[in-house]
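Heads up: the structure comes next, in structure tokens.
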Amino acid sequence: MSMRPLTLHDDRLFPVDPDVRAITRRLYKHVAGLPIISPHGHTDPQWFADDAPFANASELLLQPDHYVFRMLYSQGIPLEAIGLKPAGDGGPAVDPREAWRILAANYHLFRGTPSRMWLDWVFAEGFGLDVQLTAETSDLYYDRITEALATPAFRPRALFDRFNIEVITTTESPLDTLAHHQKIAASGWQGRVLTAYRPDPVIDPEFEGFADNLARFSELTGEDAFGYAGYLAAHRKRRAFFAANGATSTDHGHPTALTAGLSRAEAEALFARVTRADVSPQDAELFRAQMLTEMAGMSMDDGLVMQIHPGALRNHNRDVFERFGRDKGADMPTRTDYVHALRPLLARYGNAPALTIILFTLDETVYARELAPLAGHYPALKLGPAWWFHDSPEGMRRFRLSMTETAGFYNTVGFNDDTRAFLSIPARHDVARRIDCGFLATLVAEHRMEEWEAAEVAHDLSYALAKQAYKL
């Protein structure tokens with residue numbers, strides 16, 4: 001068996017200039033061990049509620065991670081082959097070891113990608129593996145990882161503590177009972193696992209099962225969610241329920257950033273139209289726009305931080321969506337307007353320093369042209385970091401280069417990992433800390449910032465800004 005060593009270089013991702021690299025090393029030393037603030041993620045709260053062991057390497061590292069399986073799918077590998085279950089009959093059972101062998105045999109596809117960095121970190125730092133993943137080492141990896149997962153040290157709560165996670169936020173629908181979060185709270189465990197209010201299923205008229213979702217919304221709140229007054233009251237009640245169960249934020253994944261400032265009569269007439277089965281795309285978009293403004297108003301009242309991440313054409317691959325459901329790696333970035341789209345919302349609430357609206361984007365062309373000037377002016381706005389497709393070394397560098405000259409560092413909110421793959425969280429934060437330290441070291445080397453200032457900024461980007469912005 002031919003085995004190539006797996007090595008994580010101490011200077012990975014640091015600038016190549018030796019003087020700048022030396023500064024980067026010193027800055028990184030200050031932040032490498034800071035606790036992790038993970039305020040915008042999609043891990044499963046049941047992991048922490050039940051604290052049950054993960055079953056095997058495939059269940060933990062392959063099947064939940066759309067970054068990984070979308071690459072395999074792009075090379076013609078069926079999702080069923082790696083264990084994803086089609087809707088309906090569920091398809092034939094797949095041996096998780098065989099699924100892992102597919103990943104191992106195709107691991108070369110990930111060369112140069114962020115997924116490769118994250119996975120190599122997990123393999124080396126998480127499981128002590130010192131040879132690269134290949135077809136020849138597949139069984140070695142599978143056995144080492146799966147055996148480790150059966151031990152107490154690899155239970156979800158133990159990993160939470162081991163990774164020095166101070167707080168992690170999951171994302172739940174308004175229709176969720178939050179039973180897992182309540183179980184965590186009642187358990188006496190000290191790990192902070194919070195929820196976030198993600199109202200898309202009852203805000204987007206084009207969301208599958210929208211009418212059924214409103215019926216459930218009514219049932220949960222005791223309000224008539226098919227009338228506009230009751231619908232808004234139902235949101236207020238569920239937001240209060242989420243806040244009582246630890247939520248500090250809301251999360252809005254709309255197709256665009258469009259907002260609206262309709263009168264009450266106009267909004268009521270629109271709501272009557274979008275609750276019909278034949279809702280038009282134009283009315284659906286206008287309703288989503290109006291509800292972003294309504295949600296901002298509710299955040300003014302209840303203090304929940306508002307996150308807006310538009311610009312994805314969700315479920316672009318209809319066949320995959322119909323067979324496997326949402327979040328299977330087929331959400332595609334689109335061009336996004338913020339300056340015009342957000343103006344109605346900002347006209348009402350943008351000058352309120354007590355409100356925090358965090359903007360994300362999948363459209364990098366708007367960094368310097370739109371997002372940085374907006375956040376560099378409106379007190380209510382902050383900028384989320386490089387996100388999703390741009391959650392990468394190059395994406396992080398582009399974000400800092402484009403945003404900093406206009407918005408500075410303190411109109412951003414540090415780093416959010418936005419992941420479903422639990423073990424990659426510390427790897428992603430480590431990448432962000434290395435990239436930010438390299439960026440700051442360049443400013444120091446160019447005599448644009450003192451090194452002590454850079455050390456303070458590095459700390460804030462790694463830890464303090466996210467904690468402050470999300471009220472954690």
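Residue names in the structure tokens use chain letters A, B, ... in the order shown, residue numbers from 1 in each chain, and ligand numbers from 1 in the order shown.
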
Taking the chain letters and numbering used in this document, name the residues of range 22-137 of chain A that DSSP puts in strand (DSSP E or B), as a list in words.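 Result set for range 22-137 of chain A (strand (DSSP E or B)): Ile36, Ile37, Ser38 and Val131 of chain A.
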
Return as a list in words the full set of residues in range 182-225 of chain A whose backbone-based DSSP assignment is helix (DSSP H, G or I).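 After running DSSP on the backbone, range 182-225 of chain A has helix (DSSP H, G or I) at Gln182, Lys183, Ile184, Ala185, Ala186, Ser187, Asp200, Pro201, Val202, Ile203, Phe210, Ala211, Asp212, Asn213, Leu214, Ala215, Arg216, Phe217, Ser218, Glu219, Leu220 and Thr221 of chain A.
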
Output for the residues just chosen: C-alpha atoms as an mmCIF file, in the first residue's frame:
```cif
data_model
loop_
_atom_site.group_PDB
_atom_site.id
_atom_site.type_symbol
_atom_site.label_atom_id
_atom_site.label_comp_id
_atom_site.auth_asym_id
_atom_site.auth_seq_id
_atom_site.Cartn_x
_atom_site.Cartn_y
_atom_site.Cartn_z
ATOM 1 C CA GLN A 182 -35.703 22.464 25.646
ATOM 2 C CA LYS A 183 -34.155 19.066 26.322
ATOM 3 C CA ILE A 184 -30.683 20.632 26.224
ATOM 4 C CA ALA A 185 -31.753 23.353 28.662
ATOM 5 C CA ALA A 186 -33.267 20.804 31.048
ATOM 6 C CA SER A 187 -30.234 18.514 30.944
ATOM 7 C CA ASP A 200 -39.188 31.307 5.366
ATOM 8 C CA PRO A 201 -41.773 28.451 5.378
ATOM 9 C CA VAL A 202 -44.519 30.879 6.458
ATOM 10 C CA ILE A 203 -43.239 33.987 4.663
ATOM 11 C CA PHE A 210 -47.273 27.150 2.267
ATOM 12 C CA ALA A 211 -51.007 26.788 3.024
ATOM 13 C CA ASP A 212 -50.404 23.778 5.265
ATOM 14 C CA ASN A 213 -47.642 25.730 7.004
ATOM 15 C CA LEU A 214 -50.054 28.589 7.739
ATOM 16 C CA ALA A 215 -52.546 26.106 9.155
ATOM 17 C CA ARG A 216 -49.871 24.745 11.498
ATOM 18 C CA PHE A 217 -48.824 28.341 12.311
ATOM 19 C CA SER A 218 -52.414 29.017 13.390
ATOM 20 C CA GLU A 219 -52.540 25.856 15.471
ATOM 21 C CA LEU A 220 -49.322 26.647 17.326
ATOM 22 C CA THR A 221 -50.234 30.245 18.143
#
```

Would you mind telling me which residue in A:Val274, A:Thr248, A:Arg348, A:Thr259 lies nearest to Asp302 in chain A when using only C-alpha atoms? A:Thr248

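Among the candidates A:Pro152, A:Pro205, A:Pro114, A:Gly261, the one nearest to Met396 in chain A when counting only C-alpha atoms is A:Pro114.
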
Using only C-alpha atoms, which protein or nucleic acid residues come within 12 Å of Pro255 in chain A? Drop anything in the same chain fewer than 4 positions from it, and give the result as an NGL selection string. :A and (200 or 203-204 or 206-207 or 259 or 281 or 284-286 or 288-289 or 292 or 308-316 or 331-337 or 341 or 361-362)

Taking C-alpha atoms for each residue, export the selection above as an mmCIF file, in the first residue's frame.
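What landed in out_25.cif:
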```cif
data_model
loop_
_atom_site.group_PDB
_atom_site.id
_atom_site.type_symbol
_atom_site.label_atom_id
_atom_site.label_comp_id
_atom_site.auth_asym_id
_atom_site.auth_seq_id
_atom_site.Cartn_x
_atom_site.Cartn_y
_atom_site.Cartn_z
ATOM 1 C CA ASP A 200 -39.188 31.307 5.366
ATOM 2 C CA ILE A 203 -43.239 33.987 4.663
ATOM 3 C CA ASP A 204 -42.506 32.663 1.195
ATOM 4 C CA GLU A 206 -43.740 29.768 -3.097
ATOM 5 C CA PHE A 207 -42.390 27.565 -0.308
ATOM 6 C CA THR A 259 -38.093 45.253 0.635
ATOM 7 C CA PRO A 281 -44.616 35.221 -8.869
ATOM 8 C CA ALA A 284 -45.010 36.327 -3.998
ATOM 9 C CA GLU A 285 -41.943 38.536 -4.409
ATOM 10 C CA LEU A 286 -43.761 41.648 -3.210
ATOM 11 C CA ARG A 288 -41.558 38.576 0.749
ATOM 12 C CA ALA A 289 -40.368 42.171 0.335
ATOM 13 C CA LEU A 292 -38.648 41.794 5.424
ATOM 14 C CA ILE A 308 -30.715 38.736 5.548
ATOM 15 C CA HIS A 309 -28.936 36.470 3.088
ATOM 16 C CA PRO A 310 -30.512 36.812 -0.352
ATOM 17 C CA GLY A 311 -29.289 36.003 -3.820
ATOM 18 C CA ALA A 312 -29.682 32.249 -4.177
ATOM 19 C CA LEU A 313 -31.836 30.539 -6.723
ATOM 20 C CA ARG A 314 -32.775 27.678 -4.456
ATOM 21 C CA ASN A 315 -33.096 24.135 -5.756
ATOM 22 C CA HIS A 316 -31.869 25.018 -9.242
ATOM 23 C CA ASP A 331 -28.598 26.501 -4.666
ATOM 24 C CA MET A 332 -26.954 28.866 -7.177
ATOM 25 C CA PRO A 333 -25.825 32.484 -6.702
ATOM 26 C CA THR A 334 -27.615 35.235 -8.600
ATOM 27 C CA ARG A 335 -26.959 38.921 -9.177
ATOM 28 C CA THR A 336 -28.326 40.895 -6.249
ATOM 29 C CA ASP A 337 -29.260 44.556 -5.844
ATOM 30 C CA ALA A 341 -33.904 46.908 -2.890
ATOM 31 C CA THR A 361 -24.306 38.028 -0.057
ATOM 32 C CA LEU A 362 -23.485 35.446 -2.673
#
```

Selected residue of minimal separation from Ala233 in chain A among A:Ala148, A:Ala22, A:Glu294, A:His447, counting only C-alpha atoms: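 Closest candidate: A:Glu294.
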
Selection near Ala445 in chain A, 8 Å with only C-alpha atoms, sequence-local residues under 3 positions removed, as a PyMOL selection string: chain A and resi 19-20+23+441-442+448

Just N, CA and C atoms for this one: save the residues we selected as an mmCIF file, in the first residue's frame.
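Everything below was put into result.cif:
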```cif
data_model
loop_
_atom_site.group_PDB
_atom_site.id
_atom_site.type_symbol
_atom_site.label_atom_id
_atom_site.label_comp_id
_atom_site.auth_asym_id
_atom_site.auth_seq_id
_atom_site.Cartn_x
_atom_site.Cartn_y
_atom_site.Cartn_z
ATOM 1 N N ASP A 19 8.860 38.655 5.764
ATOM 2 C CA ASP A 19 8.634 39.661 6.807
ATOM 3 C C ASP A 19 7.158 39.724 7.199
ATOM 4 N N VAL A 20 6.287 39.691 6.206
ATOM 5 C CA VAL A 20 4.848 39.721 6.487
ATOM 6 C C VAL A 20 4.425 38.433 7.180
ATOM 7 N N ILE A 23 5.083 38.603 10.894
ATOM 8 C CA ILE A 23 4.060 39.375 11.604
ATOM 9 C C ILE A 23 2.790 38.549 11.744
ATOM 10 N N ALA A 441 -1.465 41.675 8.840
ATOM 11 C CA ALA A 441 -0.008 41.754 8.806
ATOM 12 C C ALA A 441 0.471 42.578 7.618
ATOM 13 N N THR A 442 -0.236 42.475 6.496
ATOM 14 C CA THR A 442 0.119 43.292 5.330
ATOM 15 C C THR A 442 -0.056 44.772 5.639
ATOM 16 N N ARG A 448 0.513 50.971 7.696
ATOM 17 C CA ARG A 448 -0.823 51.562 7.731
ATOM 18 C C ARG A 448 -1.514 51.287 9.060
#
```
